[in-house]
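Asker: One file: target_17.tsv (TSV, C-alpha atoms).
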```tsv
chain	number	residue	atom	x	y	z
A	253	MET	CA	-49.97	87.31	115.97
A	254	ILE	CA	-50.97	90.38	117.96
A	255	ASN	CA	-54.50	90.83	119.26
A	256	LYS	CA	-55.03	94.53	118.57
A	257	ARG	CA	-57.68	94.94	121.27
A	258	LEU	CA	-55.23	93.64	123.87
A	259	LEU	CA	-52.52	95.87	122.45
A	260	ILE	CA	-54.71	98.97	122.86
A	261	LYS	CA	-55.55	97.99	126.44
A	262	ASN	CA	-51.87	97.49	127.23
A	263	LEU	CA	-50.94	100.83	125.68
A	264	LEU	CA	-53.62	102.61	127.70
A	265	ALA	CA	-52.44	100.80	130.84
A	266	HIS	CA	-49.10	102.51	130.30
A	267	ASN	CA	-50.98	105.46	131.85
A	268	ASP	CA	-50.03	108.50	129.80
A	269	GLU	CA	-48.91	109.30	126.30
A	270	SER	CA	-45.18	108.89	125.84
A	271	SER	CA	-42.47	109.03	123.25
A	272	PHE	CA	-43.82	105.84	121.62
A	273	TYR	CA	-47.58	106.36	121.68
A	274	ASP	CA	-50.20	109.07	121.48
A	275	LYS	CA	-53.97	109.06	121.98
A	276	LYS	CA	-56.67	111.15	120.35
A	277	ARG	CA	-60.38	111.65	120.85
A	278	GLN	CA	-60.77	111.72	117.06
A	279	LEU	CA	-58.93	112.57	113.86
A	280	ASN	CA	-60.11	115.39	111.64
A	281	LEU	CA	-58.69	114.76	108.20
A	282	HIS	CA	-61.21	116.97	106.38
A	283	THR	CA	-59.20	120.17	106.99
A	284	LYS	CA	-55.63	121.30	106.36
A	285	GLU	CA	-55.20	121.90	110.09
A	286	GLY	CA	-56.29	118.36	110.92
A	287	LYS	CA	-54.06	116.84	108.23
A	288	ALA	CA	-51.09	118.94	109.39
A	289	LYS	CA	-51.53	117.88	113.02
A	290	PHE	CA	-51.80	114.21	112.06
A	291	ALA	CA	-48.67	114.39	109.89
A	292	LYS	CA	-46.83	116.22	112.71
A	293	HIS	CA	-47.56	113.42	115.20
A	294	ILE	CA	-46.55	110.76	112.67
A	295	CYS	CA	-43.30	112.65	112.04
A	296	ALA	CA	-42.56	113.01	115.77
A	297	LEU	CA	-43.31	109.39	116.68
A	298	SER	CA	-41.30	108.08	113.75
A	299	ASN	CA	-38.25	110.20	114.60
A	300	SER	CA	-38.47	109.27	118.28
A	301	ASN	CA	-38.70	105.53	117.59
A	302	PRO	CA	-36.17	104.62	114.91
A	303	SER	CA	-35.93	100.98	116.07
A	304	ASN	CA	-39.43	100.00	117.19
A	305	ASN	CA	-43.10	100.45	116.34
A	306	SER	CA	-44.97	103.45	117.71
A	307	TYR	CA	-48.72	103.97	117.94
A	308	ILE	CA	-51.62	106.41	117.91
A	309	VAL	CA	-54.86	105.28	119.58
A	310	VAL	CA	-57.99	107.08	118.32
A	311	GLY	CA	-61.32	107.16	120.18
A	312	VAL	CA	-60.08	107.63	123.74
A	313	GLU	CA	-60.69	110.51	126.16
A	314	ASP	CA	-57.41	112.20	126.98
A	315	LYS	CA	-58.05	112.86	130.67
A	316	ASP	CA	-59.24	109.50	131.97
A	317	ASN	CA	-58.59	106.97	129.16
A	318	THR	CA	-62.32	106.32	128.72
A	319	ILE	CA	-62.89	104.37	125.49
A	320	VAL	CA	-65.59	106.33	123.64
A	321	GLY	CA	-64.89	105.09	120.12
A	322	THR	CA	-64.76	106.80	116.76
A	323	ASP	CA	-66.30	106.23	113.33
A	324	PHE	CA	-65.11	103.30	111.24
A	325	TYR	CA	-62.38	104.66	108.97
A	326	ASP	CA	-61.56	102.46	106.01
A	327	ASP	CA	-59.15	104.67	104.12
A	328	SER	CA	-56.35	102.30	103.23
A	329	ARG	CA	-54.73	105.23	101.39
A	330	ILE	CA	-53.91	107.13	104.56
A	331	GLN	CA	-50.29	106.31	103.72
A	332	ASN	CA	-50.64	108.54	100.66
A	333	LEU	CA	-51.65	111.45	102.91
A	334	VAL	CA	-48.46	111.06	104.96
A	335	ASN	CA	-46.38	110.68	101.81
A	336	ALA	CA	-47.82	113.96	100.50
A	337	TYR	CA	-46.41	115.94	103.44
A	338	LEU	CA	-43.27	114.15	104.64
A	339	ASP	CA	-39.90	113.32	103.19
A	340	ASN	CA	-38.66	109.92	104.40
A	341	PRO	CA	-42.20	109.03	105.50
A	342	PRO	CA	-42.55	105.97	107.74
A	343	ARG	CA	-44.81	103.10	106.72
A	344	ILE	CA	-48.08	103.35	108.63
A	345	GLN	CA	-51.22	101.26	108.99
A	346	TYR	CA	-54.67	102.28	110.23
A	347	GLU	CA	-56.85	99.54	111.75
A	348	ASN	CA	-60.37	99.57	113.20
A	349	VAL	CA	-60.65	97.62	116.44
A	350	PRO	CA	-64.10	96.74	117.88
A	351	PHE	CA	-64.70	96.89	121.64
A	352	PRO	CA	-67.63	95.13	123.38
A	353	ASN	CA	-68.95	98.26	125.12
A	354	LEU	CA	-69.14	100.34	121.92
A	355	PRO	CA	-72.07	100.59	119.47
A	356	LYS	CA	-71.54	98.40	116.40
A	357	ASP	CA	-70.81	101.45	114.22
A	358	LYS	CA	-68.04	102.64	116.54
A	359	VAL	CA	-64.49	101.32	116.89
A	360	VAL	CA	-61.15	102.32	118.34
A	361	GLY	CA	-58.67	103.36	115.66
A	362	LEU	CA	-55.11	102.08	115.89
A	363	VAL	CA	-52.37	103.73	113.82
A	364	THR	CA	-49.15	101.71	113.73
A	365	ILE	CA	-45.98	103.58	112.68
A	366	ARG	CA	-43.22	101.21	111.57
A	367	PRO	CA	-39.56	101.95	112.43
A	368	ASN	CA	-37.93	104.03	109.73
A	369	ASN	CA	-34.27	104.67	110.75
A	370	LYS	CA	-34.41	107.93	108.81
A	371	ILE	CA	-35.24	111.48	109.83
A	372	SER	CA	-38.75	112.38	108.63
A	373	TYR	CA	-39.42	116.05	107.91
A	374	PHE	CA	-41.98	118.23	106.13
A	375	LYS	CA	-41.24	118.61	102.45
A	376	LYS	CA	-43.71	121.48	102.01
A	377	PRO	CA	-45.42	124.01	104.29
A	378	VAL	CA	-48.90	123.12	105.53
A	379	TYR	CA	-51.16	125.12	107.83
A	380	ASN	CA	-48.70	126.67	110.38
A	381	ILE	CA	-45.89	124.13	109.83
A	382	PRO	CA	-42.99	125.44	107.69
A	383	TYR	CA	-41.01	123.64	105.01
A	384	GLY	CA	-38.26	121.43	106.44
A	385	ALA	CA	-39.79	121.20	109.94
A	386	VAL	CA	-38.70	118.21	112.06
A	387	PHE	CA	-40.62	116.97	115.10
A	388	MET	CA	-39.84	114.59	117.96
A	389	ARG	CA	-41.64	113.52	121.12
A	390	ARG	CA	-40.97	115.17	124.45
A	391	GLY	CA	-43.07	113.12	126.84
A	392	SER	CA	-46.62	113.48	125.54
A	393	ASN	CA	-45.86	116.41	123.21
A	394	SER	CA	-44.71	116.58	119.59
A	395	VAL	CA	-42.19	119.43	119.47
A	396	PRO	CA	-40.04	120.98	116.71
A	397	VAL	CA	-36.31	120.16	116.78
A	398	GLU	CA	-33.26	120.57	114.56
A	399	LYS	CA	-32.48	117.91	111.97
A	400	SER	CA	-29.11	117.33	113.56
A	401	GLU	CA	-30.58	116.18	116.89
A	402	GLU	CA	-29.77	112.55	117.60
A	403	MET	CA	-32.48	109.93	117.77
A	404	ASN	CA	-31.42	108.60	121.14
A	405	TYR	CA	-34.63	107.20	122.60
A	406	GLN	CA	-34.49	103.65	123.93
A	407	ASN	CA	-38.08	102.45	123.77
A	408	THR	CA	-37.46	99.14	122.03
A	409	ALA	CA	-37.51	96.91	125.11
A	410	ILE	CA	-40.67	98.55	126.50
A	411	VAL	CA	-42.57	98.33	123.21
A	412	ILE	CA	-41.55	94.71	122.58
A	413	ASP	CA	-42.71	93.80	126.08
A	414	ILE	CA	-46.11	95.47	125.45
A	415	GLU	CA	-46.47	93.72	122.08
A	416	ASN	CA	-45.51	90.33	123.52
A	417	SER	CA	-48.14	90.78	126.24
A	418	SER	CA	-50.71	91.33	123.48
A	419	ARG	CA	-50.23	88.04	121.63
A	420	ASN	CA	-53.38	86.24	120.57
A	421	SER	CA	-54.52	82.91	122.06
A	422	ILE	CA	-56.87	80.10	121.00
A	423	GLY	CA	-59.22	81.20	123.77
A	424	HIS	CA	-59.42	84.76	122.46
A	425	THR	CA	-60.03	83.48	118.92
A	426	LEU	CA	-62.83	81.07	119.89
A	427	GLU	CA	-64.51	83.67	122.09
A	428	GLY	CA	-64.29	86.19	119.24
A	429	VAL	CA	-65.95	83.84	116.71
A	430	ILE	CA	-68.75	82.85	119.11
A	431	ASP	CA	-69.40	86.46	120.12
A	432	PHE	CA	-69.50	87.62	116.48
A	433	LEU	CA	-71.85	84.89	115.21
A	434	ASN	CA	-74.09	84.20	118.22
A	435	THR	CA	-74.28	87.52	120.06
A	436	ARG	CA	-73.53	90.60	117.98
A	437	HIS	CA	-75.04	89.34	114.71
A	438	LYS	CA	-77.46	86.62	115.73
A	439	ASP	CA	-80.30	88.18	113.68
A	440	MET	CA	-78.31	88.45	110.42
A	441	ALA	CA	-77.04	86.03	107.82
A	442	SER	CA	-73.47	85.26	108.86
A	443	GLY	CA	-70.57	83.00	108.07
A	444	TYR	CA	-66.89	82.34	108.65
A	445	LYS	CA	-63.91	80.94	106.79
A	446	VAL	CA	-60.63	79.55	108.09
A	447	PHE	CA	-57.56	80.35	105.99
A	448	LYS	CA	-54.24	78.49	106.20
A	449	GLU	CA	-55.36	76.77	109.43
A	450	LEU	CA	-54.62	80.04	111.21
A	451	PHE	CA	-56.72	83.03	110.12
A	452	ILE	CA	-60.48	83.29	110.70
A	453	VAL	CA	-62.63	85.82	108.86
A	454	CYS	CA	-66.24	86.31	110.02
A	455	TRP	CA	-68.90	88.26	108.16
A	456	ALA	CA	-72.55	89.20	108.68
A	457	GLY	CA	-75.16	91.28	106.91
A	458	ILE	CA	-78.62	91.42	105.42
A	459	LYS	CA	-78.49	88.98	102.53
A	460	LYS	CA	-80.26	89.19	99.19
A	461	THR	CA	-79.88	87.49	95.83
A	462	VAL	CA	-80.21	89.38	92.54
A	463	LYS	CA	-79.92	87.49	89.24
A	464	GLY	CA	-78.16	84.61	90.93
A	465	LYS	CA	-75.58	86.78	92.74
A	466	THR	CA	-75.54	87.31	96.51
A	467	TYR	CA	-75.18	90.75	98.05
A	468	TYR	CA	-75.02	91.93	101.66
A	469	SER	CA	-76.08	95.26	103.17
A	470	ARG	CA	-75.36	96.59	106.69
A	471	VAL	CA	-72.19	94.54	106.47
A	472	ASP	CA	-69.69	93.78	109.22
A	473	ILE	CA	-66.51	91.82	108.42
A	474	GLU	CA	-63.75	91.05	110.95
A	475	LEU	CA	-60.41	89.29	111.06
A	476	ILE	CA	-61.01	87.61	114.40
A	477	ASN	CA	-57.42	86.62	115.21
A	478	GLU	CA	-56.31	90.23	115.39
A	479	GLN	CA	-59.67	91.69	116.51
A	480	VAL	CA	-59.64	93.98	113.48
A	481	LYS	CA	-62.78	95.15	111.68
A	482	LEU	CA	-62.01	94.84	107.97
A	483	PHE	CA	-65.21	96.41	106.68
A	484	TYR	CA	-68.31	98.11	108.02
A	485	SER	CA	-71.02	99.98	106.16
A	486	ALA	CA	-74.42	101.20	107.26
A	487	LEU	CA	-75.57	102.02	103.72
A	488	ASP	CA	-73.70	100.43	100.84
A	489	GLU	CA	-73.90	96.89	99.54
A	490	VAL	CA	-71.11	94.40	99.00
A	491	SER	CA	-70.47	91.07	97.38
A	492	ILE	CA	-68.12	88.54	98.99
A	493	GLU	CA	-65.94	85.97	97.23
A	494	TYR	CA	-63.30	83.66	98.66
A	495	ASP	CA	-61.21	80.57	98.01
A	496	ASP	CA	-58.58	78.80	100.11
A	497	ASN	CA	-56.08	81.65	99.82
A	498	ARG	CA	-58.07	84.84	99.29
A	499	PHE	CA	-61.04	86.75	100.69
A	500	SER	CA	-62.43	89.56	98.51
A	501	ILE	CA	-64.96	92.29	99.24
A	502	THR	CA	-66.43	94.31	96.37
A	503	GLU	CA	-68.33	97.38	97.54
A	504	TYR	CA	-71.13	99.05	95.57
A	505	ILE	CA	-72.50	102.54	96.12
A	506	ALA	CA	-75.99	103.80	95.27
A	507	LEU	CA	-75.89	107.10	93.35
A	508	GLY	CA	-78.38	109.06	91.36
A	509	LEU	CA	-80.52	112.17	91.07
A	510	ASN	CA	-84.23	112.88	91.48
A	511	ASP	CA	-84.90	109.63	93.36
A	512	LYS	CA	-83.45	107.53	90.54
A	513	THR	CA	-80.45	105.56	91.76
A	514	SER	CA	-78.19	102.88	90.36
A	515	PHE	CA	-75.46	100.81	92.00
A	516	TYR	CA	-71.88	101.46	90.92
A	517	PRO	CA	-68.88	99.31	91.90
A	518	LEU	CA	-66.73	101.42	94.22
A	519	GLU	CA	-63.79	99.36	95.42
A	520	GLN	CA	-62.47	95.84	95.80
A	521	VAL	CA	-60.47	94.82	98.85
A	522	SER	CA	-58.67	91.46	98.67
A	523	ILE	CA	-56.91	89.82	101.61
A	524	HIS	CA	-54.30	87.28	100.52
A	525	PHE	CA	-53.29	84.73	103.15
A	526	HIS	CA	-49.89	83.01	103.03
A	527	ASP	CA	-48.53	79.78	104.49
A	528	ASN	CA	-45.85	81.64	106.45
A	529	GLY	CA	-48.41	83.23	108.80
A	530	TYR	CA	-48.69	86.58	107.03
A	531	TYR	CA	-51.40	88.23	105.00
A	532	LYS	CA	-51.49	91.11	102.54
A	533	ILE	CA	-54.37	93.47	101.77
A	534	GLU	CA	-54.71	94.85	98.25
A	535	THR	CA	-57.17	97.62	97.40
A	536	THR	CA	-58.39	98.51	93.90
A	537	LEU	CA	-60.60	101.51	93.21
A	538	LEU	CA	-63.25	100.58	90.63
A	539	PHE	CA	-65.36	103.73	90.72
A	540	ASP	CA	-66.37	105.38	87.45
A	541	PRO	CA	-68.72	108.21	88.53
A	542	PRO	CA	-71.90	108.85	86.54
A	543	GLN	CA	-72.00	111.94	84.32
A	544	TYR	CA	-75.12	114.06	83.83
A	545	ASN	CA	-76.39	116.93	81.68
A	546	ARG	CA	-74.58	120.13	82.68
A	547	LYS	CA	-77.69	122.35	82.57
A	548	MET	CA	-79.64	119.96	84.77
A	549	MET	CA	-76.71	119.77	87.21
A	550	HIS	CA	-76.64	123.59	87.52
A	551	HIS	CA	-80.29	123.56	88.54
A	552	ILE	CA	-79.78	120.74	91.06
A	553	TYR	CA	-76.64	122.34	92.53
A	554	ASN	CA	-78.36	125.70	93.03
A	555	ALA	CA	-81.38	124.00	94.61
A	556	ASN	CA	-79.13	122.26	97.12
A	557	LEU	CA	-77.33	125.52	97.95
A	558	ALA	CA	-80.74	127.08	98.64
A	559	LEU	CA	-81.59	124.13	100.88
A	560	ILE	CA	-78.37	124.65	102.84
A	561	GLY	CA	-79.23	128.34	103.17
A	562	LYS	CA	-82.61	127.47	104.71
A	563	LEU	CA	-80.93	125.05	107.10
A	564	GLU	CA	-78.47	127.72	108.21
A	565	LYS	CA	-81.29	130.17	108.90
A	566	GLY	CA	-83.39	127.64	110.78
A	567	VAL	CA	-86.28	127.82	108.28
A	568	THR	CA	-88.87	125.05	108.65
A	569	LEU	CA	-88.48	122.64	105.74
A	570	SER	CA	-91.28	121.05	103.76
A	571	GLU	CA	-91.70	117.28	103.56
A	572	ARG	CA	-90.07	117.27	100.13
A	573	GLU	CA	-87.16	119.39	101.34
A	574	LEU	CA	-86.60	117.05	104.29
A	575	LYS	CA	-86.32	114.16	101.83
A	576	ASP	CA	-83.91	116.18	99.66
A	577	LEU	CA	-81.89	116.94	102.79
A	578	GLN	CA	-81.28	113.24	103.38
A	579	ASN	CA	-79.93	112.97	99.82
A	580	LEU	CA	-77.96	116.24	99.98
A	581	PRO	CA	-74.49	114.78	100.77
A	582	HIS	CA	-74.56	112.29	97.91
A	583	THR	CA	-76.10	114.90	95.58
A	584	LEU	CA	-73.29	117.38	96.34
A	585	MET	CA	-70.79	114.57	95.78
A	586	VAL	CA	-72.30	113.86	92.35
A	587	CYS	CA	-72.11	117.60	91.60
A	588	TYR	CA	-68.43	117.67	92.56
A	589	LEU	CA	-67.73	114.61	90.39
A	590	ASN	CA	-69.44	116.41	87.50
A	591	GLY	CA	-67.15	119.43	87.60
A	592	PHE	CA	-68.67	121.65	90.29
A	593	ASP	CA	-65.43	122.14	92.20
A	594	ASP	CA	-66.94	124.17	95.06
A	595	ALA	CA	-69.41	121.39	95.90
A	596	LYS	CA	-66.91	119.42	97.97
A	597	GLN	CA	-66.15	122.35	100.28
A	598	LYS	CA	-69.86	123.13	100.52
A	599	LEU	CA	-70.37	119.53	101.63
A	600	ILE	CA	-67.63	119.78	104.27
A	601	ASP	CA	-69.11	123.05	105.56
A	602	THR	CA	-72.51	121.39	106.12
A	603	LYS	CA	-71.10	118.83	108.57
A	604	PRO	CA	-72.10	120.64	111.82
A	605	LEU	CA	-75.56	121.41	110.41
A	606	LEU	CA	-76.22	117.79	109.47
A	607	LYS	CA	-74.74	116.44	112.70
A	608	ALA	CA	-77.14	118.61	114.74
A	609	LEU	CA	-80.28	117.24	113.03
A	610	PRO	CA	-82.58	115.00	115.15
A	611	ASP	CA	-82.65	112.41	112.36
A	612	ASN	CA	-79.08	111.18	111.77
A	613	GLN	CA	-79.71	109.78	108.27
A	614	ALA	CA	-78.32	112.86	106.51
A	615	TYR	CA	-75.21	112.83	108.72
A	616	VAL	CA	-74.62	109.12	108.03
A	617	SER	CA	-74.94	109.95	104.33
A	618	PHE	CA	-72.39	112.76	104.80
A	619	LYS	CA	-69.83	110.36	106.30
A	620	GLU	CA	-70.35	107.88	103.48
A	621	ALA	CA	-69.94	110.61	100.82
A	622	MET	CA	-66.72	111.88	102.43
A	623	ARG	CA	-65.40	108.33	102.57
A	624	VAL	CA	-65.86	107.95	98.81
A	625	LEU	CA	-64.19	111.30	98.11
A	626	ARG	CA	-61.21	110.36	100.29
A	627	LYS	CA	-60.79	107.13	98.38
A	628	MET	CA	-60.73	109.01	95.08
A	629	LYS	CA	-58.35	111.72	96.29
A	630	TYR	CA	-55.68	109.40	97.66
A	631	ASP	CA	-55.97	106.64	95.11
A	632	LYS	CA	-52.58	106.20	93.44
A	633	SER	CA	-54.09	106.31	90.00
A	634	GLN	CA	-55.56	109.79	90.53
```
The structure in this file should be written as C-alpha cells.

Answerer:
Amino acid sequence: MINKRLLIKNLLAHNDESSFYDKKRQLNLHTKEGKAKFAKHICALSNSNPSNNSYIVVGVEDKDNTIVGTDFYDDSRIQNLVNAYLDNPPRIQYENVPFPNLPKDKVVGLVTIRPNNKISYFKKPVYNIPYGAVFMRRGSNSVPVEKSEEMNYQNTAIVIDIENSSRNSIGHTLEGVIDFLNTRHKDMASGYKVFKELFIVCWAGIKKTVKGKTYYSRVDIELINEQVKLFYSALDEVSIEYDDNRFSITEYIALGLNDKTSFYPLEQVSIHFHDNGYYKIETTLLFDPPQYNRKMMHHIYNANLALIGKLEKGVTLSERELKDLQNLPHTLMVCYLNGFDDAKQKLIDTKPLLKALPDNQAYVSFKEAMRVLRKMKYDKSQ
C-alpha cells in the first residue's frame, strides 16, 4: 500500500518534471483553455509511459518545489472530462493528500495516470488543440508528435523504485491516526474504524442530532493508510454510515431563496473494502434541484446581475446587499438549475471579484457552488 504523501515527496525529490511526472501550481478546469491543457498533459504522460504509472502533482511552486497546496477537489468524475476529449483515454485518479504545514482546507492534489499501452489522441478540437493531435513528453514539456512515433521511453524501473520507496508502514499509520484525532481535530467530535484488519478511516466534524439521525458539519474524513483525504467541506453537512465492509458518506447541500433554505441530498460516496487488500469507491449523485416560480426567478436573477454590476464598479454596498453577496454564488446556481443558462457563466466570471473581497465567505460559497455544478455536468447519468 502506497503512502501518497511519501510518494509526492519522492516525486519532488526527483528534482524536475520529467517524462513520467509533471507539477502544477493549480488546475483551472472552469475554462476551455484549462480543460484543454489538462487533457494535453494527460495525453502526453500516458503516451510517454505505456508500461508504468505517471503522475501530476498539484499545489507545488514550479521554481523551487515549495508545497503551497490547492483547494480540496472531490470531483470523482474527472475521468469523464478526459474521456470527453481523448480517444483511448487512460484511466486516471485524482486524490487529495494533506500535508502538516498546510491549512486544513488545503491539500496537495495527486493525479495518477495508469499505463494504457495505446496511443491517446484528441478526438475533437478544443481551444487551440486540433482534432487528432497526439502529445508526448520531451523532458518537462508536453509536445505534439505524429501518431506513428514509437513509445520508446523506459521509465518503468525508475517509477517502480519511487513507488516502492513510498510504501506505508505501521509507524506512519499510527502517527497518522494520533495526529488526526489528538492534534488536528482535538476540539471536534471524531472517530475511526478499522476495516479488514488493514484500512483505517478517521473522521471529525461538528456533530448534531436531528430526529434521531446524526449529522456532521465542517467535516474531514481521511483514509490514513494512504494519507488521502476522502472528504472535506467547510459548509455542507454529511451523514456517515458504516459496517464491517463499507464506509458511506451522504452529503447534503443547503439551498434556497430569500433566506429560506432546505437541505437536499447531493451525493453518496461508498468505499467498499475487500479481503484481498483492495478497496473500491462508488459515487452516486442524488441531487434533485429545487424548482421555483419562473417570474420570481427572473426578478431574483436580475437583482443578482445588478449586484454584480455594483461590485464591478466598486460601489459601496448596503448591509442587505452584503448579505445577498454572500448568497450570490448559490443563488446563481439555483437560477442556472431553473433554466437560466447564462447564470453559470455569470457565476464563473465573478470569481476574481469574490476572491478579492476582504470577507472570504462569498468566495468559499463560490467554490462550493462550482463543485456541485461539476458533479452534475460529469455525472454519467446526465

Asker: For a quick check of understanding, using only C-alpha atoms, which of A:Cys454, A:Ile371, A:Ala614, A:Leu609 has the smallest distance to Met388 of chain A?

Answerer: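 Smallest distance to Met388 of chain A is found for A:Ile371.
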
Asker: To one decimal place, how far is atom CA of Gln578 of chain A from atom CA of Ala555 of chain A in Å?

Answerer: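 Atom CA of Ala555 of chain A lies at a distance of 13.9 Å from atom CA of Gln578 of chain A.
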
Asker: Between A:Arg436, A:Arg626, A:His266, A:Lys256, which is the closest to Pro355 of chain A once you count only C-alpha atoms?

Answerer: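 Looking only at the distances to Pro355 of chain A, the closest residue turns out to be A:Arg436.
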
Asker: Provide the atom CA of His437 of chain A to atom CA of Thr466 of chain A distance in Å, to one decimal place.

Answerer: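 If I compute the distance from atom CA of His437 of chain A to atom CA of Thr466 of chain A, I get 18.3 Å.
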
Asker: Fewer than 6 positions away in the same chain doesn't count, so skip those; otherwise give me all residues within 9 Å of Gly321 of chain A, counting all atoms listed in the file, as a CSV table (one decimal) with C-alpha atoms, in the coordinates of the input.

Answerer:
```csv
chain,number,residue,atom,x,y,z
A,277,ARG,CA,-60.4,111.6,120.8
A,278,GLN,CA,-60.8,111.7,117.1
A,310,VAL,CA,-58.0,107.1,118.3
A,311,GLY,CA,-61.3,107.2,120.2
A,312,VAL,CA,-60.1,107.6,123.7
A,350,PRO,CA,-64.1,96.7,117.9
A,351,PHE,CA,-64.7,96.9,121.6
A,354,LEU,CA,-69.1,100.3,121.9
A,355,PRO,CA,-72.1,100.6,119.5
A,358,LYS,CA,-68.0,102.6,116.5
A,359,VAL,CA,-64.5,101.3,116.9
A,360,VAL,CA,-61.2,102.3,118.3
A,361,GLY,CA,-58.7,103.4,115.7
```

Asker: Applying 12 Å and all atoms listed in the file, which residues near His551 of chain A remain after dropping the ones on its own chain fewer than 5 positions away? List them as a list in words.

Answerer: Leu509, Asn510, Tyr544, Asn545, Arg546, Asn556, Leu557, Ala558, Thr583, Cys587 and Phe592 of chain A

Asker: Emit as lines of an AutoDock Vina configuration file the padded axis-aligned box for all listed atoms of segment 382-395 of chain A, 3 Å per side, with centre and edge lengths in Å to one decimal.

Answerer:
```
center_x = -42.4
center_y = 119.3
center_z = 115.9
size_x = 14.4
size_y = 18.3
size_z = 27.8
```

Asker: Given the choices A:Val521, A:Thr425, A:Lys276, A:Met253, which gets closest to Thr322 of chain A if the distance is worked out from all atoms listed in the file?

Answerer: A:Lys276

Asker: What is the distance, in Å and to one decimal place, between atom CA of Gln613 of chain A and atom CA of Tyr553 of chain A?

Answerer: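 Going from atom CA of Gln613 of chain A over to atom CA of Tyr553 of chain A covers 20.4 Å.
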